[in-house]
Amino acid sequence: MILRGLSNTESPVRVHLIRIRRCNRACTYCNESDVYSAPVPLEDLSRRVDALASLGTSIITIGGGETLLHPDLDDLIHRMRH
């Protein structure tokens, strides 16, 4: 997968997808997360994943706040693997 991504200069090799900013921790060094933001709707994330697939993206990582707080995480991962 990585070799395919590196051999094609027209496609992104790795994209970092932010799906939620909310986090239930309060790390003093963190300036990316908060305790009140709503998760990005699954419909929006699905459109982004589909667009990345059409570009030939090799790797999609998910990040942001606490990953497990997103209510549709299983559906998002299924979409990414598809």
# chains A, B, ... in the order shown; residues from 1 in each chain; ligands from 1
$ residues_around --residues "A:His82" --least-positions-apart "3" --cutoff "12 Å" --atoms "only C-alpha atoms" --output "MDAnalysis selection string"
chainID A and resid 46 49:50 53 75:79
$ select_by_dssp --residues "chain A" --states "helix (DSSP H, G or I)" --output "PyMOL selection string"
chain A and resi 2-7+42-55+67-69+73-81
$ residues_around --residues "A:Asn24" --least-positions-apart "5" --cutoff "10 Å" --atoms "only C-alpha atoms" --output "mmCIF file with N, CA and C atoms, in the first residue's frame"
data_model
loop_
_atom_site.group_PDB
_atom_site.id
_atom_site.type_symbol
_atom_site.label_atom_id
_atom_site.label_comp_id
_atom_site.auth_asym_id
_atom_site.auth_seq_id
_atom_site.Cartn_x
_atom_site.Cartn_y
_atom_site.Cartn_z
ATOM 1 N N SER A 33 -8.052 19.886 21.359
ATOM 2 C CA SER A 33 -9.279 19.265 21.827
ATOM 3 C C SER A 33 -10.030 20.174 22.776
ATOM 4 N N ASP A 34 -11.330 19.887 22.937
ATOM 5 C CA ASP A 34 -12.154 20.632 23.891
ATOM 6 C C ASP A 34 -13.192 19.684 24.480
ATOM 7 N N VAL A 35 -14.029 20.197 25.352
ATOM 8 C CA VAL A 35 -15.016 19.351 26.030
ATOM 9 C C VAL A 35 -16.436 19.566 25.535
ATOM 10 N N TYR A 36 -16.651 20.377 24.505
ATOM 11 C CA TYR A 36 -18.023 20.711 24.113
ATOM 12 C C TYR A 36 -18.334 20.551 22.627
ATOM 13 N N GLY A 65 -9.874 14.679 18.888
ATOM 14 C CA GLY A 65 -10.030 14.468 20.329
ATOM 15 C C GLY A 65 -9.948 12.982 20.660
ATOM 16 N N GLU A 66 -10.782 12.540 21.555
ATOM 17 C CA GLU A 66 -10.812 11.126 21.937
ATOM 18 C C GLU A 66 -11.596 10.345 20.883
ATOM 19 N N LEU A 69 -15.063 8.605 21.380
ATOM 20 C CA LEU A 69 -16.248 9.398 21.687
ATOM 21 C C LEU A 69 -17.152 9.612 20.477
#
$ residues_around --residues "stretch 17-21 of chain A" --least-positions-apart "6" --cutoff "10 Å" --atoms "only C-alpha atoms" --output "number ranges by chain"
A: 32-42, 44-45, 48-49, 60-73, 76
$ residues_around --residues "A:Arg14" --least-positions-apart "5" --cutoff "7 Å" --atoms "only C-alpha atoms" --output "ChimeraX atom specification"
/A:57-60
$ select_by_dssp --residues "chain A" --states "strand (DSSP E or B)" --output "PyMOL selection string"
chain A and resi 14-20+22+34+59-64
$ write_last_selection --atoms "all heavy atoms" --output "compact mmCIF listing (two decimals), in the first residue's frame"
# COMPACT_ATOMS: atom_id res chain seq x y z
N ARG A 14 -0.83 9.70 2.65
CA ARG A 14 -1.47 9.61 3.96
C ARG A 14 -2.26 10.88 4.23
O ARG A 14 -1.77 11.98 3.99
CB ARG A 14 -0.42 9.42 5.05
CG ARG A 14 -1.00 9.36 6.43
CD ARG A 14 0.09 9.10 7.46
NE ARG A 14 -0.43 9.26 8.78
CZ ARG A 14 -0.02 10.19 9.64
NH1 ARG A 14 0.96 11.00 9.29
NH2 ARG A 14 -0.55 10.29 10.81
N VAL A 15 -3.47 10.71 4.73
CA VAL A 15 -4.32 11.84 5.10
C VAL A 15 -4.78 11.63 6.54
O VAL A 15 -5.15 10.52 6.93
CB VAL A 15 -5.55 11.94 4.16
CG1 VAL A 15 -6.51 13.00 4.64
CG2 VAL A 15 -5.11 12.20 2.74
N HIS A 16 -4.76 12.68 7.32
CA HIS A 16 -5.19 12.64 8.72
C HIS A 16 -6.59 13.25 8.77
O HIS A 16 -6.78 14.43 8.49
CB HIS A 16 -4.20 13.43 9.57
CG HIS A 16 -4.40 13.26 11.04
ND1 HIS A 16 -4.17 12.06 11.68
CD2 HIS A 16 -4.81 14.13 11.98
CE1 HIS A 16 -4.43 12.22 12.97
NE2 HIS A 16 -4.82 13.46 13.16
N LEU A 17 -7.58 12.45 9.13
CA LEU A 17 -8.99 12.86 9.15
C LEU A 17 -9.41 13.17 10.58
O LEU A 17 -9.36 12.30 11.46
CB LEU A 17 -9.84 11.73 8.57
CG LEU A 17 -11.32 11.97 8.42
CD1 LEU A 17 -11.57 13.04 7.35
CD2 LEU A 17 -12.01 10.67 8.02
N ILE A 18 -9.84 14.41 10.80
CA ILE A 18 -10.32 14.81 12.13
C ILE A 18 -11.83 14.57 12.17
O ILE A 18 -12.56 15.13 11.38
CB ILE A 18 -10.03 16.30 12.42
CG1 ILE A 18 -8.54 16.60 12.26
CG2 ILE A 18 -10.55 16.71 13.79
CD1 ILE A 18 -7.65 15.89 13.24
N ARG A 19 -12.31 13.74 13.06
CA ARG A 19 -13.73 13.40 13.12
C ARG A 19 -14.40 13.91 14.38
O ARG A 19 -15.61 13.89 14.49
CB ARG A 19 -13.94 11.91 12.89
CG ARG A 19 -13.69 10.96 14.01
CD ARG A 19 -12.21 10.69 14.23
NE ARG A 19 -11.84 10.39 15.57
CZ ARG A 19 -11.57 11.25 16.53
NH1 ARG A 19 -11.69 12.51 16.37
NH2 ARG A 19 -11.17 10.87 17.70
N ILE A 20 -13.65 14.36 15.35
CA ILE A 20 -14.21 14.93 16.58
C ILE A 20 -13.11 15.72 17.27
O ILE A 20 -11.94 15.36 17.19
CB ILE A 20 -14.76 13.82 17.52
CG1 ILE A 20 -15.60 14.39 18.64
CG2 ILE A 20 -13.65 12.95 18.06
CD1 ILE A 20 -16.38 13.33 19.42
N ARG A 22 -13.86 16.84 20.55
CA ARG A 22 -14.16 16.67 21.98
C ARG A 22 -13.27 15.59 22.59
O ARG A 22 -12.96 14.58 21.97
CB ARG A 22 -15.63 16.28 22.16
CG ARG A 22 -16.04 16.27 23.61
CD ARG A 22 -17.52 16.06 23.78
NE ARG A 22 -17.91 14.79 23.17
CZ ARG A 22 -19.04 14.61 22.50
NH1 ARG A 22 -19.87 15.60 22.33
NH2 ARG A 22 -19.33 13.43 22.01
N ASP A 34 -11.33 19.89 22.94
CA ASP A 34 -12.15 20.63 23.89
C ASP A 34 -13.19 19.68 24.48
O ASP A 34 -13.23 18.51 24.15
CB ASP A 34 -12.82 21.84 23.22
CG ASP A 34 -13.71 21.46 22.06
OD1 ASP A 34 -14.51 20.50 22.20
OD2 ASP A 34 -13.64 22.11 21.02
N ILE A 59 -3.41 5.75 2.74
CA ILE A 59 -3.59 5.59 4.18
C ILE A 59 -4.43 6.75 4.71
O ILE A 59 -4.15 7.90 4.42
CB ILE A 59 -2.23 5.58 4.91
CG1 ILE A 59 -1.36 4.45 4.39
CG2 ILE A 59 -2.42 5.48 6.42
CD1 ILE A 59 0.09 4.55 4.84
N ILE A 60 -5.46 6.42 5.51
CA ILE A 60 -6.25 7.44 6.20
C ILE A 60 -6.13 7.16 7.69
O ILE A 60 -6.47 6.07 8.15
CB ILE A 60 -7.74 7.42 5.79
CG1 ILE A 60 -7.90 7.63 4.30
CG2 ILE A 60 -8.51 8.48 6.58
CD1 ILE A 60 -9.33 7.48 3.81
N THR A 61 -5.61 8.13 8.43
CA THR A 61 -5.57 7.99 9.88
C THR A 61 -6.66 8.88 10.45
O THR A 61 -7.07 9.86 9.84
CB THR A 61 -4.20 8.40 10.46
OG1 THR A 61 -3.92 9.75 10.10
CG2 THR A 61 -3.10 7.50 9.93
N ILE A 62 -7.16 8.52 11.62
CA ILE A 62 -8.19 9.33 12.25
C ILE A 62 -7.64 9.90 13.54
O ILE A 62 -6.89 9.26 14.26
CB ILE A 62 -9.49 8.53 12.50
CG1 ILE A 62 -9.23 7.23 13.22
CG2 ILE A 62 -10.20 8.26 11.20
CD1 ILE A 62 -10.48 6.44 13.53
N GLY A 63 -8.00 11.14 13.79
CA GLY A 63 -7.47 11.81 14.97
C GLY A 63 -8.42 12.87 15.46
O GLY A 63 -9.59 12.89 15.14
N GLY A 64 -7.89 13.78 16.22
CA GLY A 64 -8.68 14.84 16.82
C GLY A 64 -8.69 14.66 18.31
O GLY A 64 -7.65 14.43 18.92
